[in-house]
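Presented below is the structure to which this report refers.
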Amino acid sequence: MKEHTFQDILVVDLTTGGIDRMPVTERLARDFIGGQGIGSYLLTQFVKPGADPLGPDNALILSPGQLVGTAVPSASRSTFLAGSPTIGGYLGMSNGGGMMQLRNAGFDHLVVLGQSPRPVYLKITDDQVTILDAHHLWGKDTVETAQAIWMDFGDHFEVAAIGPAGENLVRHAAIVGNGYIAWGRTGLGAVMGSKNLKAIAVHGSRPVPTAHPTKLLKLAKTTTQDMVGQDEAIQVWRDGGTWKWAKTSPKPTRNLNSDLWDLDKYDQKFEHHPVACPGCPVGCKHALKIKPGHKYEGLELTVGCTYATMNGPFGLGLGLTHFEEMMKCGDWVQRLGMDSEVTAGVISLLIEMYEHGLISGQETGGLELQWGDEALTVKLMHIMARREGSLGDLMAEGTAHMAKTIGNGAERFLVNFKGMGKALTAHSGGDSRVGLTTQSLSWALNFRGHGDRHRYPFLGNRVDQKKNNIDSLFDLASHLGIPDGKLQEIGREPEMITPWAMRYVQDYNTVAYALGFCDRPVVLNVLPIDRMTDLYNAAMGTDRTSTELLQAGRRIWNLEKAWVTMQGQTRADDYPPDRFFEETMDFKPTWPPDAEEKTYSSLDRGIYEQILHRYYQSQGWDTVTGLPTPDTLREVGLEWLLAEYEEHMKSSTIST
Ligand code: SF4
C-alpha cells in the first residue's frame, strides 16, 4: 500500500469512563478493507466467545464504510456490530444514511466497551468525545430522544438512539438513527440498553481525508451518471420507495388483500416524497404524510424502507389491509425501537398459538388475538417493548423462547432463521419454497438470519429456471469477479449454480459492505468489482487489484464464520424453518393482475442437503460439519485465529 489515509478507532469504556484511540494499521487495512470488514475484526478482538451479549464483556462497534463521507454516490452505509442477544453469535446490521459523520469527526470506527452504572449518552464532535448524563432521556422513544438532543445541540447532529424496547432489553430491540433509520433484526438495541447507553450523537465538520480527491471525484461522477442512467428502476423507488418496487414481484400471504398493492390508493392516501442519503442520486427513502379525510390524517413518518417497515411485516405478515394502519404500526415500531420483521414474527407466532388453543385469554391477559387488527397489534407492541406483565416478558424474549415456554408442540409454528422469528410468508423472495435463490438461501446461510444481506438479485432466479441462472451468472461473471476457469466448472453443473454463485456473491457483497455501498446500486448493476476497486484506490491512495479486494472479502466472510462458530453456531443453524419442509404454500399473487393462484411445494430435504453440500464445498468448508477447515482459514490468511479456533473445536467435540 503506497499511502495510508485511515483515521483512528475511537474506544470508549463505559465502566471506567476511559476514552482512548487506536490506529488502523496498514496490515488491518490490507486484510479487512475497512467499514464492516475492520468492524468484524474488532469484534473478534474485543468480544471473547461465550461473553454474555447483555453483559459488560460485549462490545458495541460502529463502522461506517470506508468510502462513506467521500464524493462516492450511495456509499452511505454504516454498520453496527456486537455479540447478539437474539442469535447467540455475531451480528452486524448496516443501514444507509445514518452515523456517517463519525468519519467527518475524525474517526473510522467507534468501539463501546463495558457498562455504565447509570444512563448516559455519547457526544462526539470533531475529536471531542464526552460521556453525558442521560436521565432526562431515559424512557423517551427514539424520535423524542433525537428531538431532545437536537434541541440541545442542533439538528446537524446525527443521533442513534434506543427506545423503551432497548432500555428493557427486548431481545430484538433496534438502534434507530435520526428517528427513522433502524439497525434492527438481531438485538443491537438491547446491547446498547445493557450498557445503559441511551444514544450516540455525532457531528463532524471536517472533510473525510482521501488520497486523490480529483481522481475520486471524476470516478464518482461517472458512477453517478451510470446510476442515473438506470432511470426506470430509480424512478420506481423514488415514486413509492421499496413498497412500490416490491409490487413488481408477487408476494404471497394468507391475509391477502388487494389494497396492499393498490398504488392508486397509496397516492390517494399519502402525500409522499423521496428522501435521499447524502450524495445519493436514487432517493429510495420516503417521507409520508396521511392526507385529510383518511384515518390518522396528518400523521407523518419518514421511513428508510417502506416495504420492510410497514406493508411487509404488518400488511403481508399480520394481515392489516389499510395503508394508514400499516403506517401507524410502522411509526410505533420505530418509536419503541424494535425490529419490524421480528416484531411481526413474535406477534404472528402468538396469534397462531392462540388460534390452535396453545394459549388462551389466561396467558394473553384477556386479549382476543386475531389477524388484521391494528389496535391489537399496536397494543401488543407496547406490551412487548415495556415488558408489561408475563405476556410482555414472553414476547420480549423472542419466538424460540415463546415456543419453548408454551410447549405442547408450539415449536411447529416457528418461522425462525438463526433463531430469529419472522411472520410467515411476509416476503416471497426469502421463502425457499418459492425458489431456492441466492436471496432465500442467504436467509438461511448468512450469519445474522433473515434479511437480504449477501444476495444478488439478478441471480435470484428459481432453480427451475436453470438456463436463466447460467446466463445471469455468465453475464455477471466479470461484474462479480468470478475467474474464467471457475465459471466453466460451475457451468458444468447447472442445477447447483445457485450455491456456487452464493460464494462469489458473498465475496463481492462483503467488499461492497466494507466500502459502505448501499444495496440499491448493487441491485442496479452499476458497481462492477473493478469500479469499486478503482474508487477504493483513488480514495485510499493504494494500488490494489480487484482480486486482492475479493480475497479480502473472502477473508472477512471466513473470519465472521469462524467467530460465529466459536459462539456456538453449527450446521444445524443453516436450515430454513422446518415448516418449509413440511407445508406447501398457496397464494394468489396480486401482480400481475391476471396472475393465477398457485401452490408451491414444500422444500425437498434431499435437494436442500445437496445444495448445502455444494455451498460448503464452494467455500472450502467441511461438507459434513459445514464449518471452515483449518486449511481454509490458513489459505485466506487467518492463521492467527487457528489456535483459538482449534481449541474451540476440541472442546465442542466438533471435528473438521
Ligand atoms: S439508494 Fe436509498 S438507502 Fe441507498 S444510499 Fe440511496 S437513498 Fe440511501
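Following the order of the C-alpha cells, chains are lettered A, B, ..., residues in each are numbered from 1, and ligands are numbered from 1.
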
Go through chain A and flag each residue having an atom no more than 7 Å from ligand 1; for those, report the closest pair of atoms plus their distance in Å to one decimal, using only C-alpha atoms and all ligand atoms, ordered by chain and rising number, as CSV.
```
residue,atom,partner,partner_atom_place_in_ligand_line,distance
A:Ser74,CA,ligand 1,5 (S),4.0
A:Ala75,CA,ligand 1,5 (S),6.4
A:Ser76,CA,ligand 1,5 (S),5.3
A:Gly96,CA,ligand 1,3 (S),4.5
A:Gly97,CA,ligand 1,8 (Fe),5.6
A:Val275,CA,ligand 1,7 (S),6.3
A:Ala276,CA,ligand 1,7 (S),3.7
A:Cys277,CA,ligand 1,8 (Fe),4.1
A:Cys280,CA,ligand 1,6 (Fe),4.6
A:Pro281,CA,ligand 1,6 (Fe),6.5
A:Val282,CA,ligand 1,6 (Fe),4.8
A:Gly283,CA,ligand 1,7 (S),3.8
A:Cys284,CA,ligand 1,2 (Fe),4.0
A:Lys285,CA,ligand 1,2 (Fe),5.5
A:Gly304,CA,ligand 1,3 (S),6.5
A:Cys518,CA,ligand 1,4 (Fe),4.6
A:Asp519,CA,ligand 1,4 (Fe),6.3
A:Arg520,CA,ligand 1,1 (S),4.8
A:Pro521,CA,ligand 1,1 (S),6.7
```

Residues within 8 Å of Arg335 in chain A, only C-alpha atoms, excluding chain neighbours under 2 positions, as a VMD selection string: chain A and resid 141 to 143 163 179 331 to 333 337

Set out as a Markdown table a contact list for range 332-361 of chain A and range 377-395 of chain A with a cut-off of 10 Å, giving each residue of range 332-361 of chain A that qualifies its closest atom pair and distance in Å to one decimal, counting only C-alpha atoms, ordered by chain and rising residue number.
```
| residue | atom | partner | partner_atom | distance |
| --- | --- | --- | --- | --- |
| A:Trp332 | CA | A:Val378 | CA | 7.2 |
| A:Val333 | CA | A:Met381 | CA | 7.3 |
| A:Leu336 | CA | A:Ala385 | CA | 6.4 |
| A:Gly337 | CA | A:Ala385 | CA | 8.0 |
| A:Met338 | CA | A:Ala385 | CA | 7.6 |
| A:Thr343 | CA | A:Met381 | CA | 7.5 |
| A:Ala344 | CA | A:Thr377 | CA | 8.6 |
| A:Val346 | CA | A:Met395 | CA | 6.3 |
| A:Ile347 | CA | A:Leu380 | CA | 7.4 |
| A:Ser348 | CA | A:Thr377 | CA | 9.7 |
| A:Leu349 | CA | A:Met395 | CA | 9.6 |
| A:Leu350 | CA | A:Met395 | CA | 8.2 |
```

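Considering the residues A:Arg21, A:Arg30, A:Lys265, A:His212 and counting only C-alpha atoms, Asp127 in chain A has its shortest atom-to-atom contact with A:Arg21.
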
At a cut-off of 7 Å, using only C-alpha atoms, what residues contact Gly177 in chain A? Leave out same-chain residues fewer than 2 positions from it and give the result as an MDAnalysis selection string. chainID A and resid 98 159:161 175 179:182
